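Student: See model-v2.cif below, with mmCIF, C-alpha atoms.
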data_coords
#
loop_
_atom_site.group_PDB
_atom_site.id
_atom_site.type_symbol
_atom_site.label_atom_id
_atom_site.label_comp_id
_atom_site.auth_asym_id
_atom_site.auth_seq_id
_atom_site.Cartn_x
_atom_site.Cartn_y
_atom_site.Cartn_z
ATOM 1 C CA MET U 1349 84.829 113.480 103.621
ATOM 2 C CA GLU U 1350 87.577 111.017 104.546
ATOM 3 C CA THR U 1351 88.482 110.798 108.191
ATOM 4 C CA GLY U 1352 92.090 111.417 109.150
ATOM 5 C CA ALA U 1353 92.741 107.735 109.757
ATOM 6 C CA ILE U 1354 91.383 106.695 106.376
ATOM 7 C CA ARG U 1355 93.418 109.411 104.662
ATOM 8 C CA LEU U 1356 96.581 108.208 106.436
ATOM 9 C CA ASP U 1357 95.804 104.632 105.388
ATOM 10 C CA SER U 1358 95.507 105.773 101.785
ATOM 11 C CA ILE U 1359 98.741 107.772 101.943
ATOM 12 C CA VAL U 1360 100.714 104.905 103.467
ATOM 13 C CA ASN U 1361 99.276 102.449 100.956
ATOM 14 C CA ASN U 1362 100.263 104.735 98.085
ATOM 15 C CA ALA U 1363 103.750 105.300 99.493
ATOM 16 C CA VAL U 1364 104.559 101.616 99.903
ATOM 17 C CA SER U 1365 103.040 100.648 96.553
ATOM 18 C CA ARG U 1366 104.791 103.416 94.626
ATOM 19 C CA THR U 1367 108.127 102.685 96.215
ATOM 20 C CA LEU U 1368 108.104 98.947 95.654
ATOM 21 C CA GLU U 1369 106.846 99.352 92.118
ATOM 22 C CA GLY U 1370 109.305 102.123 91.290
ATOM 23 C CA LEU U 1371 112.405 100.547 92.818
ATOM 24 C CA ALA U 1372 111.797 96.817 92.623
ATOM 25 C CA PHE U 1373 108.979 96.336 90.094
ATOM 26 C CA MET U 1374 106.881 94.576 92.719
ATOM 27 C CA ASP U 1375 103.287 94.928 93.819
ATOM 28 C CA ALA U 1376 102.272 95.529 97.422
ATOM 29 C CA GLU U 1377 98.779 94.978 98.716
ATOM 30 C CA MET U 1378 97.656 96.271 102.072
ATOM 31 C CA ALA U 1379 96.616 93.316 104.204
ATOM 32 C CA GLU U 1380 94.751 92.876 107.448
ATOM 33 C CA SER U 1381 97.098 93.230 110.368
ATOM 34 C CA PRO U 1382 97.599 89.780 111.916
ATOM 35 C CA GLY U 1383 96.176 89.581 115.404
ATOM 36 C CA THR U 1384 98.787 87.500 117.146
ATOM 37 C CA GLU U 1385 101.917 86.508 115.337
ATOM 38 C CA PRO U 1386 102.954 83.004 116.423
ATOM 39 C CA GLY U 1387 106.590 83.544 115.708
ATOM 40 C CA SER U 1388 108.881 86.258 114.623
ATOM 41 C CA PRO U 1389 110.570 85.738 111.290
ATOM 42 C CA ALA U 1390 114.147 86.761 110.781
ATOM 43 C CA GLY U 1391 114.506 89.919 108.761
ATOM 44 C CA TYR U 1392 115.560 93.531 108.566
ATOM 45 C CA ILE U 1393 114.121 96.321 110.652
ATOM 46 C CA SER U 1394 114.700 99.946 109.708
ATOM 47 C CA THR U 1395 113.661 103.075 111.567
ATOM 48 C CA LEU U 1396 113.968 106.755 110.868
ATOM 49 C CA ASP U 1397 112.984 109.848 112.781
ATOM 50 C CA VAL U 1398 110.752 112.485 111.317
ATOM 51 C CA MET U 1399 111.839 115.878 112.610
ATOM 52 C CA ASP U 1400 109.831 118.403 110.634
ATOM 53 C CA PRO U 1401 107.154 119.525 110.300
ATOM 54 C CA VAL U 1402 106.035 116.987 112.912
ATOM 55 C CA SER U 1403 107.892 114.777 115.319
ATOM 56 C CA GLY U 1404 107.608 111.073 114.740
ATOM 57 C CA LYS U 1405 109.102 107.764 113.760
ATOM 58 C CA ILE U 1406 108.533 105.445 110.834
ATOM 59 C CA THR U 1407 109.643 101.810 110.990
ATOM 60 C CA ILE U 1408 109.517 98.968 108.518
ATOM 61 C CA PHE U 1409 110.221 95.286 108.991
ATOM 62 C CA VAL U 1410 111.011 93.165 105.943
ATOM 63 C CA PRO U 1411 111.513 89.389 106.390
ATOM 64 C CA ASP U 1412 114.722 87.837 105.117
ATOM 65 C CA GLY U 1413 113.314 86.223 101.994
ATOM 66 C CA LEU U 1414 111.508 89.353 100.881
ATOM 67 C CA SER U 1415 114.514 91.560 101.666
ATOM 68 C CA THR U 1416 116.703 89.373 99.498
ATOM 69 C CA LEU U 1417 114.149 89.299 96.695
ATOM 70 C CA ILE U 1418 113.645 93.069 96.686
ATOM 71 C CA THR U 1419 117.400 93.662 96.718
ATOM 72 C CA GLY U 1420 117.952 91.215 93.896
ATOM 73 C CA ASN U 1421 115.324 93.018 91.821
ATOM 74 C CA VAL U 1422 116.750 96.452 92.528
ATOM 75 C CA PHE U 1423 120.262 95.366 91.595
ATOM 76 C CA SER U 1424 118.975 93.355 88.622
ATOM 77 C CA MET U 1425 120.789 90.297 89.913
ATOM 78 C CA LEU U 1426 120.299 87.346 87.628
ATOM 79 C CA GLU U 1427 122.721 85.134 89.517
ATOM 80 C CA GLY U 1428 123.923 84.847 93.079
ATOM 81 C CA SER U 1429 122.552 86.421 96.226
ATOM 82 C CA PRO U 1430 122.990 89.944 97.443
ATOM 83 C CA THR U 1431 125.307 90.555 100.342
ATOM 84 C CA ALA U 1432 124.027 91.574 103.765
ATOM 85 C CA GLU U 1433 125.414 95.037 103.106
ATOM 86 C CA MET U 1434 123.412 95.354 99.889
ATOM 87 C CA VAL U 1435 120.240 94.175 101.630
ATOM 88 C CA THR U 1436 120.729 96.574 104.539
ATOM 89 C CA ASP U 1437 121.313 99.439 102.112
ATOM 90 C CA THR U 1438 118.225 98.530 100.093
ATOM 91 C CA VAL U 1439 115.934 98.279 103.118
ATOM 92 C CA SER U 1440 117.253 101.637 104.343
ATOM 93 C CA GLU U 1441 116.558 103.248 100.996
ATOM 94 C CA LEU U 1442 113.099 101.663 100.865
ATOM 95 C CA LEU U 1443 112.236 103.251 104.181
ATOM 96 C CA ASN U 1444 113.782 106.579 103.163
ATOM 97 C CA THR U 1445 111.672 106.687 100.006
ATOM 98 C CA ILE U 1446 108.444 105.509 101.663
ATOM 99 C CA ALA U 1447 108.853 107.999 104.504
ATOM 100 C CA GLY U 1448 109.454 110.856 102.084
ATOM 101 C CA ILE U 1449 106.295 110.098 100.140
ATOM 102 C CA ILE U 1450 104.226 109.816 103.331
ATOM 103 C CA MET U 1451 105.513 113.068 104.793
ATOM 104 C CA GLY U 1452 105.235 114.849 101.455
ATOM 105 C CA GLU U 1453 101.525 114.034 101.402
ATOM 106 C CA LEU U 1454 100.908 114.857 105.053
ATOM 107 C CA SER U 1455 102.926 118.050 105.330
ATOM 108 C CA PRO U 1456 101.594 121.458 104.427
ATOM 109 C CA ALA U 1457 103.059 122.703 101.148
ATOM 110 C CA SER U 1458 104.563 125.697 102.954
ATOM 111 C CA ARG U 1459 106.607 123.645 105.419
ATOM 112 C CA THR U 1460 109.817 121.813 104.590
ATOM 113 C CA ILE U 1461 110.279 118.174 105.483
ATOM 114 C CA SER U 1462 113.191 116.966 107.561
ATOM 115 C CA LEU U 1463 113.887 113.252 107.881
ATOM 116 C CA GLY U 1464 116.609 111.493 109.817
ATOM 117 C CA LEU U 1465 118.868 108.817 108.422
ATOM 118 C CA PRO U 1466 117.479 105.278 108.486
ATOM 119 C CA GLU U 1467 118.968 102.942 111.044
ATOM 120 C CA THR U 1468 118.765 99.389 109.806
ATOM 121 C CA SER U 1469 119.677 96.116 111.439
ATOM 122 C CA ARG U 1470 118.925 92.439 111.029
ATOM 123 C CA LEU U 1471 116.818 90.586 113.519
ATOM 124 C CA SER U 1472 117.585 86.894 113.914
ATOM 125 C CA GLY U 1473 114.006 85.877 114.636
ATOM 126 C CA GLU U 1474 114.795 84.601 118.109
ATOM 127 C CA GLY U 1475 112.803 87.286 119.859
ATOM 128 C CA PRO U 1476 109.750 89.420 119.281
ATOM 129 C CA VAL U 1477 109.847 92.054 116.586
ATOM 130 C CA THR U 1478 109.341 95.381 118.313
ATOM 131 C CA ILE U 1479 107.196 97.330 115.920
ATOM 132 C CA PRO U 1480 104.768 99.731 117.610
ATOM 133 C CA SER U 1481 101.143 98.817 117.167
ATOM 134 C CA ALA U 1482 98.274 101.211 116.868
ATOM 135 C CA GLY U 1483 97.687 102.929 120.158
ATOM 136 C CA SER U 1484 94.253 103.649 121.498
ATOM 137 C CA ASP U 1485 94.916 107.386 121.253
ATOM 138 C CA GLY U 1486 95.679 107.052 117.549
ATOM 139 C CA SER U 1487 99.225 108.320 117.904
ATOM 140 C CA SER U 1488 100.672 105.321 116.124
ATOM 141 C CA ARG U 1489 99.434 103.017 113.423
ATOM 142 C CA LYS U 1490 100.696 99.721 112.090
ATOM 143 C CA TYR U 1491 100.217 98.397 108.577
ATOM 144 C CA CYS U 1492 100.891 95.077 106.913
ATOM 145 C CA PHE U 1493 101.495 94.603 103.210
ATOM 146 C CA ASP U 1494 101.463 91.400 101.225
ATOM 147 C CA VAL U 1495 104.439 91.490 98.900
ATOM 148 C CA HIS U 1496 105.109 88.371 96.862
ATOM 149 C CA GLY U 1497 103.466 86.209 99.534
ATOM 150 C CA GLU U 1498 105.420 87.661 102.438
ATOM 151 C CA THR U 1499 104.511 90.401 104.898
ATOM 152 C CA LEU U 1500 106.153 93.800 105.022
ATOM 153 C CA THR U 1501 105.198 95.677 108.171
ATOM 154 C CA LEU U 1502 105.215 99.435 108.595
ATOM 155 C CA SER U 1503 104.471 101.479 111.639
ATOM 156 C CA ILE U 1504 104.170 105.221 111.964
ATOM 157 C CA SER U 1505 104.087 107.030 115.270
ATOM 158 C CA TYR U 1506 103.756 110.771 115.492
ATOM 159 C CA GLU U 1507 102.945 113.852 117.473
ATOM 160 C CA GLY U 1508 101.180 116.849 116.109
ATOM 161 C CA LEU U 1509 99.886 115.296 112.941
ATOM 162 C CA GLY U 1510 96.641 117.153 113.111
ATOM 163 C CA ASP U 1511 97.016 118.104 109.465
ATOM 164 C CA VAL U 1512 96.093 114.550 108.491
ATOM 165 C CA ASP U 1513 92.432 115.583 108.539
ATOM 166 C CA MET Y 1203 133.828 112.224 77.996
ATOM 167 C CA LYS Y 1204 131.472 113.953 80.378
ATOM 168 C CA ARG Y 1205 131.755 113.535 84.133
ATOM 169 C CA ILE Y 1206 128.792 113.248 86.452
ATOM 170 C CA LEU Y 1207 129.042 113.356 90.227
ATOM 171 C CA LEU Y 1208 126.528 111.222 92.135
ATOM 172 C CA ALA Y 1209 126.117 112.106 95.821
ATOM 173 C CA ASP Y 1210 124.024 109.768 97.995
ATOM 174 C CA ASP Y 1211 124.862 107.818 101.129
ATOM 175 C CA SER Y 1212 123.087 104.785 99.661
ATOM 176 C CA ALA Y 1213 125.084 102.714 97.171
ATOM 177 C CA MET Y 1214 121.825 101.270 95.968
ATOM 178 C CA ALA Y 1215 120.398 104.713 95.281
ATOM 179 C CA ARG Y 1216 123.528 105.741 93.348
ATOM 180 C CA MET Y 1217 123.322 102.559 91.284
ATOM 181 C CA PHE Y 1218 119.639 103.125 90.601
ATOM 182 C CA ILE Y 1219 120.151 106.727 89.503
ATOM 183 C CA ARG Y 1220 123.042 105.686 87.277
ATOM 184 C CA GLN Y 1221 120.798 103.118 85.615
ATOM 185 C CA CYS Y 1222 118.112 105.770 85.093
ATOM 186 C CA LEU Y 1223 120.670 108.136 83.525
ATOM 187 C CA GLU Y 1224 121.854 105.390 81.185
ATOM 188 C CA ILE Y 1225 118.306 104.473 80.179
ATOM 189 C CA ALA Y 1226 117.636 108.187 79.633
ATOM 190 C CA GLY Y 1227 120.338 108.116 76.985
ATOM 191 C CA LEU Y 1228 123.535 109.090 78.743
ATOM 192 C CA ASP Y 1229 126.328 106.758 77.774
ATOM 193 C CA ASP Y 1230 130.092 107.124 77.740
ATOM 194 C CA ILE Y 1231 129.969 108.936 81.066
ATOM 195 C CA ASP Y 1232 132.622 108.962 83.762
ATOM 196 C CA TYR Y 1233 130.756 108.671 87.068
ATOM 197 C CA VAL Y 1234 132.210 109.954 90.318
ATOM 198 C CA GLU Y 1235 130.392 108.607 93.373
ATOM 199 C CA VAL Y 1236 130.469 110.095 96.848
ATOM 200 C CA GLU Y 1237 128.496 109.496 100.028
ATOM 201 C CA ASN Y 1238 127.831 112.984 101.389
ATOM 202 C CA GLY Y 1239 127.867 116.678 100.674
ATOM 203 C CA LYS Y 1240 131.396 117.251 101.987
ATOM 204 C CA GLU Y 1241 132.842 114.607 99.694
ATOM 205 C CA ALA Y 1242 130.840 116.147 96.858
ATOM 206 C CA LEU Y 1243 132.288 119.605 97.530
ATOM 207 C CA ASP Y 1244 135.815 118.226 97.762
ATOM 208 C CA ALA Y 1245 135.335 116.314 94.518
ATOM 209 C CA ILE Y 1246 134.052 119.262 92.480
ATOM 210 C CA ARG Y 1247 136.739 121.549 93.833
ATOM 211 C CA ASN Y 1248 139.494 119.121 92.841
ATOM 212 C CA GLU Y 1249 138.314 118.093 89.394
ATOM 213 C CA PRO Y 1250 135.678 119.581 87.129
ATOM 214 C CA VAL Y 1251 132.432 117.753 86.549
ATOM 215 C CA ASP Y 1252 129.659 118.529 84.085
ATOM 216 C CA LEU Y 1253 126.681 117.700 86.284
ATOM 217 C CA VAL Y 1254 125.965 116.904 89.922
ATOM 218 C CA VAL Y 1255 123.096 114.649 90.978
ATOM 219 C CA THR Y 1256 122.627 114.747 94.718
ATOM 220 C CA ASP Y 1257 120.430 113.440 97.496
ATOM 221 C CA LEU Y 1258 119.452 115.684 100.400
ATOM 222 C CA THR Y 1259 119.482 113.537 103.525
ATOM 223 C CA MET Y 1260 123.100 112.486 103.925
ATOM 224 C CA PRO Y 1261 125.461 112.246 106.900
ATOM 225 C CA VAL Y 1262 128.377 114.634 107.537
ATOM 226 C CA MET Y 1263 126.968 117.300 105.190
ATOM 227 C CA ASP Y 1264 123.472 117.129 103.769
ATOM 228 C CA GLY Y 1265 122.425 118.183 100.288
ATOM 229 C CA THR Y 1266 120.965 121.520 101.319
ATOM 230 C CA ASP Y 1267 124.224 122.533 102.967
ATOM 231 C CA PHE Y 1268 126.110 121.396 99.872
ATOM 232 C CA MET Y 1269 123.872 123.574 97.715
ATOM 233 C CA LYS Y 1270 124.447 126.596 99.983
ATOM 234 C CA ARG Y 1271 128.204 126.187 99.899
ATOM 235 C CA LYS Y 1272 128.216 125.656 96.151
ATOM 236 C CA ALA Y 1273 126.101 128.781 95.650
ATOM 237 C CA ALA Y 1274 128.562 130.764 97.755
ATOM 238 C CA SER Y 1275 131.499 129.777 95.554
ATOM 239 C CA PRO Y 1276 131.875 131.885 92.386
ATOM 240 C CA LYS Y 1277 133.707 129.044 90.621
ATOM 241 C CA LEU Y 1278 130.918 126.574 91.285
ATOM 242 C CA THR Y 1279 127.835 128.716 90.856
ATOM 243 C CA ASP Y 1280 127.153 127.682 87.268
ATOM 244 C CA LEU Y 1281 127.609 123.949 87.833
ATOM 245 C CA PRO Y 1282 124.248 122.315 87.122
ATOM 246 C CA VAL Y 1283 122.761 120.285 89.963
ATOM 247 C CA ILE Y 1284 119.810 117.916 89.956
ATOM 248 C CA VAL Y 1285 118.488 117.054 93.390
ATOM 249 C CA ILE Y 1286 116.838 113.653 93.761
ATOM 250 C CA THR Y 1287 115.350 113.229 97.195
ATOM 251 C CA SER Y 1288 112.664 111.552 99.205
ATOM 252 C CA ALA Y 1289 112.206 114.644 101.386
ATOM 253 C CA ASN Y 1290 110.765 116.913 98.737
ATOM 254 C CA ASN Y 1291 107.730 119.132 98.880
ATOM 255 C CA PRO Y 1292 106.889 122.549 97.373
ATOM 256 C CA ALA Y 1293 108.623 124.488 100.162
ATOM 257 C CA LYS Y 1294 111.811 122.474 99.896
ATOM 258 C CA GLU Y 1295 111.781 122.617 96.126
ATOM 259 C CA LYS Y 1296 111.466 126.401 96.247
ATOM 260 C CA GLU Y 1297 114.424 126.631 98.602
ATOM 261 C CA LEU Y 1298 116.605 124.390 96.444
ATOM 262 C CA ILE Y 1299 115.727 126.160 93.196
ATOM 263 C CA SER Y 1300 116.626 129.466 94.849
ATOM 264 C CA LEU Y 1301 119.993 127.909 95.710
ATOM 265 C CA GLY Y 1302 120.527 127.086 92.047
ATOM 266 C CA ALA Y 1303 119.188 123.576 91.590
ATOM 267 C CA LEU Y 1304 118.266 122.856 87.982
ATOM 268 C CA ALA Y 1305 115.508 120.501 89.076
ATOM 269 C CA VAL Y 1306 114.281 118.759 92.207
ATOM 270 C CA LEU Y 1307 112.954 115.262 91.637
ATOM 271 C CA LYS Y 1308 111.223 113.030 94.123
ATOM 272 C CA LYS Y 1309 112.289 109.457 94.787
ATOM 273 C CA PRO Y 1310 111.641 106.965 93.306
ATOM 274 C CA VAL Y 1311 112.916 108.669 90.184
ATOM 275 C CA THR Y 1312 112.292 107.329 86.679
ATOM 276 C CA PRO Y 1313 114.300 107.493 83.456
ATOM 277 C CA ALA Y 1314 111.487 109.534 81.899
ATOM 278 C CA LEU Y 1315 111.804 112.242 84.545
ATOM 279 C CA ILE Y 1316 115.562 112.319 84.189
ATOM 280 C CA CYS Y 1317 115.215 112.528 80.406
ATOM 281 C CA LYS Y 1318 112.954 115.552 80.723
ATOM 282 C CA VAL Y 1319 115.412 117.347 82.996
ATOM 283 C CA LEU Y 1320 118.345 116.553 80.737
ATOM 284 C CA GLU Y 1321 116.454 118.024 77.785
ATOM 285 C CA GLU Y 1322 115.994 121.234 79.765
ATOM 286 C CA LEU Y 1323 119.680 121.195 80.633
ATOM 287 C CA ALA Y 1324 120.582 120.725 76.994
ATOM 288 C CA GLN Y 1325 118.496 123.745 76.044
ATOM 289 C CA LYS Y 1326 120.347 125.827 78.582
ATOM 290 C CA LYS Y 1327 123.831 124.464 78.249
ATOM 291 C CA GLY Y 1328 124.020 122.757 74.886
ATOM 292 C CA ALA Y 1329 123.645 119.140 73.833
ATOM 293 C CA TRP Y 1330 124.497 116.279 76.150
#
What does this structure look like when you write it as structure tokens?
Tutor:
Amino acid sequence: METGAIRLDSIVNNAVSRTLEGLAFMDAEMAESPGTEPGSPAGYISTLDVMDPVSGKITIFVPDGLSTLITGNVFSMLEGSPTAEMVTDTVSELLNTIAGIIMGELSPASRTISLGLPETSRLSGEGPVTIPSAGSDGSSRKYCFDVHGETLTLSISYEGLGDVD
Amino acid sequence: MKRILLADDSAMARMFIRQCLEIAGLDDIDYVEVENGKEALDAIRNEPVDLVVTDLTMPVMDGTDFMKRKAASPKLTDLPVIVITSANNPAKEKELISLGALAVLKKPVTPALICKVLEELAQKKGAW
């Protein structure tokens, strides 16, 4: 029988893969989380609150190059670069979709899901990227995905997710 | 020409759904795009549309509230609505169907799923 942590890993992996494939026709492969990141790339960070049936937060960080590539794919852009507004919108919708898949798998069928609106901003890369890492009590987990040679990072922190088991 | 209302706070999501509808075979459609449930209600009260495709999680007025208000209006009760949302599960789907949703689809949606729902709509309402 899978442990709760392994099941969550599988759910998150499926959510990110399905979303990137479905929206942007791209593959995502779960990668080992880097131990110490020497620098912080510039990119887009997006966070949303999970309200029901558990309380939590899901965050993704997508570096600039990958954000632009994903957005270009989604908008089928053959020429030119997407605007910052388009990229922000796309990253927000990525998170919204990923979070919905994750919570749909974790939540009991009898309980409705309630998600907050994503809040997305661009980080310039001049400071550390604040994405929660896995805590020793298991209340948050961090994942890294290799997408087209760049790293998409996702973290999920929660309370009351006992149903994961 | 048929009119379809798309309600989603994400321009990207609206564009994506429009592409899926076109791939599913809907052409020569006049699309009306809004960013939340209140704008959707205002739009359908002012001018008739043939189909609404709406998200759930939106600012100002979310999709569930839109569905409740639509269900409470005798003039709008029969307007077909497809809900496309990330926040779907069996409980939510049951609630939305009871409020009159034709179908509840989970993001990311595909043209094949949309095609299937449109076929069901055609059986109920006539050809699209």
Student: CA of Gly1391 in chain U to CA of Ile1504 in chain U: how many Å, to one decimal?
Tutor: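 So the two atoms, CA of Gly1391 in chain U and CA of Ile1504 in chain U, lie 18.7 Å apart.
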Student: Using only C-alpha atoms, pick whichever of Y:Val1311, Y:Leu1207, Y:Ile1299, Y:Ala1242 has the shortest atom-to-atom distance to Gly1370 in chain U.
Tutor: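 Closest to Gly1370 in chain U of all the choices is Y:Val1311.
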Student: Under the rule that all atoms listed in the file are counted, which of Y:Met1214, Y:Val1234, Y:Ala1305, Y:Ile1206 is the nearest residue to Lys1318 in chain Y?
Tutor: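 Between Y:Met1214, Y:Val1234, Y:Ala1305, Y:Ile1206, the residue approaching Lys1318 in chain Y most closely is Y:Ala1305.
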Student: So that I can check the surroundings of range 1486-1499 of chain U, please list as a PDB file with C-alpha atoms, in the coordinates of the input every protein, DNA and RNA residue that reaches within 10 Å of it, counting all atoms listed in the file and ignoring chain neighbours fewer than 3 positions away.
Tutor:
ATOM      1  CA  ALA U1353      92.741 107.735 109.757  1.00  0.00           C
ATOM      2  CA  LEU U1356      96.581 108.208 106.436  1.00  0.00           C
ATOM      3  CA  ASP U1357      95.804 104.632 105.388  1.00  0.00           C
ATOM      4  CA  VAL U1360     100.714 104.905 103.467  1.00  0.00           C
ATOM      5  CA  ASN U1361      99.276 102.449 100.956  1.00  0.00           C
ATOM      6  CA  VAL U1364     104.559 101.616  99.903  1.00  0.00           C
ATOM      7  CA  SER U1365     103.040 100.648  96.553  1.00  0.00           C
ATOM      8  CA  LEU U1368     108.104  98.947  95.654  1.00  0.00           C
ATOM      9  CA  MET U1374     106.881  94.576  92.719  1.00  0.00           C
ATOM     10  CA  ASP U1375     103.287  94.928  93.819  1.00  0.00           C
ATOM     11  CA  ALA U1376     102.272  95.529  97.422  1.00  0.00           C
ATOM     12  CA  GLU U1377      98.779  94.978  98.716  1.00  0.00           C
ATOM     13  CA  MET U1378      97.656  96.271 102.072  1.00  0.00           C
ATOM     14  CA  ALA U1379      96.616  93.316 104.204  1.00  0.00           C
ATOM     15  CA  GLU U1380      94.751  92.876 107.448  1.00  0.00           C
ATOM     16  CA  SER U1381      97.098  93.230 110.368  1.00  0.00           C
ATOM     17  CA  PRO U1382      97.599  89.780 111.916  1.00  0.00           C
ATOM     18  CA  PRO U1389     110.570  85.738 111.290  1.00  0.00           C
ATOM     19  CA  GLY U1404     107.608 111.073 114.740  1.00  0.00           C
ATOM     20  CA  LYS U1405     109.102 107.764 113.760  1.00  0.00           C
ATOM     21  CA  ILE U1406     108.533 105.445 110.834  1.00  0.00           C
ATOM     22  CA  THR U1407     109.643 101.810 110.990  1.00  0.00           C
ATOM     23  CA  ILE U1408     109.517  98.968 108.518  1.00  0.00           C
ATOM     24  CA  PHE U1409     110.221  95.286 108.991  1.00  0.00           C
ATOM     25  CA  VAL U1410     111.011  93.165 105.943  1.00  0.00           C
ATOM     26  CA  PRO U1411     111.513  89.389 106.390  1.00  0.00           C
ATOM     27  CA  ASP U1412     114.722  87.837 105.117  1.00  0.00           C
ATOM     28  CA  GLY U1413     113.314  86.223 101.994  1.00  0.00           C
ATOM     29  CA  LEU U1414     111.508  89.353 100.881  1.00  0.00           C
ATOM     30  CA  SER U1415     114.514  91.560 101.666  1.00  0.00           C
ATOM     31  CA  LEU U1417     114.149  89.299  96.695  1.00  0.00           C
ATOM     32  CA  ILE U1418     113.645  93.069  96.686  1.00  0.00           C
ATOM     33  CA  ILE U1479     107.196  97.330 115.920  1.00  0.00           C
ATOM     34  CA  PRO U1480     104.768  99.731 117.610  1.00  0.00           C
ATOM     35  CA  SER U1481     101.143  98.817 117.167  1.00  0.00           C
ATOM     36  CA  ALA U1482      98.274 101.211 116.868  1.00  0.00           C
ATOM     37  CA  GLY U1483      97.687 102.929 120.158  1.00  0.00           C
ATOM     38  CA  LEU U1502     105.215  99.435 108.595  1.00  0.00           C
ATOM     39  CA  SER U1503     104.471 101.479 111.639  1.00  0.00           C
ATOM     40  CA  ILE U1504     104.170 105.221 111.964  1.00  0.00           C
ATOM     41  CA  SER U1505     104.087 107.030 115.270  1.00  0.00           C
ATOM     42  CA  TYR U1506     103.756 110.771 115.492  1.00  0.00           C
ATOM     43  CA  GLU U1507     102.945 113.852 117.473  1.00  0.00           C
ATOM     44  CA  GLY U1508     101.180 116.849 116.109  1.00  0.00           C
ATOM     45  CA  LEU U1509      99.886 115.296 112.941  1.00  0.00           C
TER      46      LEU U1509
END
Student: Taking all atoms listed in the file into account, which residues of chain Y are within 6 Å of chain U, as a list of chain:residue names?
Tutor: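 Listing them in order of chain and number gives Y:Ser1288, Y:Ala1289, Y:Asn1291, Y:Pro1292, Y:Ala1293, Y:Lys1294, Y:Lys1309, Y:Pro1310.
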Student: Please identify all polymer residues within 9 Å of Val1306 in chain Y, counting all atoms listed in the file, omitting same-chain residues fewer than 5 positions from it, and present them as a short mmCIF file (atom, residue, chain, number, x, y, z; two decimals) with C-alpha atoms, in the coordinates of the input.
Tutor:
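The resulting selection32.cif:
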data_model
loop_
_atom_site.label_atom_id
_atom_site.label_comp_id
_atom_site.auth_asym_id
_atom_site.auth_seq_id
_atom_site.Cartn_x
_atom_site.Cartn_y
_atom_site.Cartn_z
CA VAL Y 1283 122.76 120.28 89.96
CA ILE Y 1284 119.81 117.92 89.96
CA VAL Y 1285 118.49 117.05 93.39
CA ILE Y 1286 116.84 113.65 93.76
CA THR Y 1287 115.35 113.23 97.20
CA ASN Y 1290 110.76 116.91 98.74
CA LYS Y 1294 111.81 122.47 99.90
CA GLU Y 1295 111.78 122.62 96.13
CA LEU Y 1298 116.60 124.39 96.44
CA ILE Y 1299 115.73 126.16 93.20
#
Student: Nearest to Glu1235 in chain Y: which of Y:Val1251, Y:Ser1300, Y:Ile1219, Y:Asp1210 is it, counting only C-alpha atoms?
Tutor: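 Smallest separation from Glu1235 in chain Y among the options: Y:Asp1210.
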Student: Using only C-alpha atoms, which protein or nucleic acid residues come within 9 Å of Ile1316 in chain Y? Drop anything in the same chain fewer than 6 positions from it, and give the result as a list of chain:residue names.
Tutor: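 In the requested format, the answer is Y:Ile1219, Y:Cys1222, Y:Leu1223, Y:Ala1226, Y:Leu1307.
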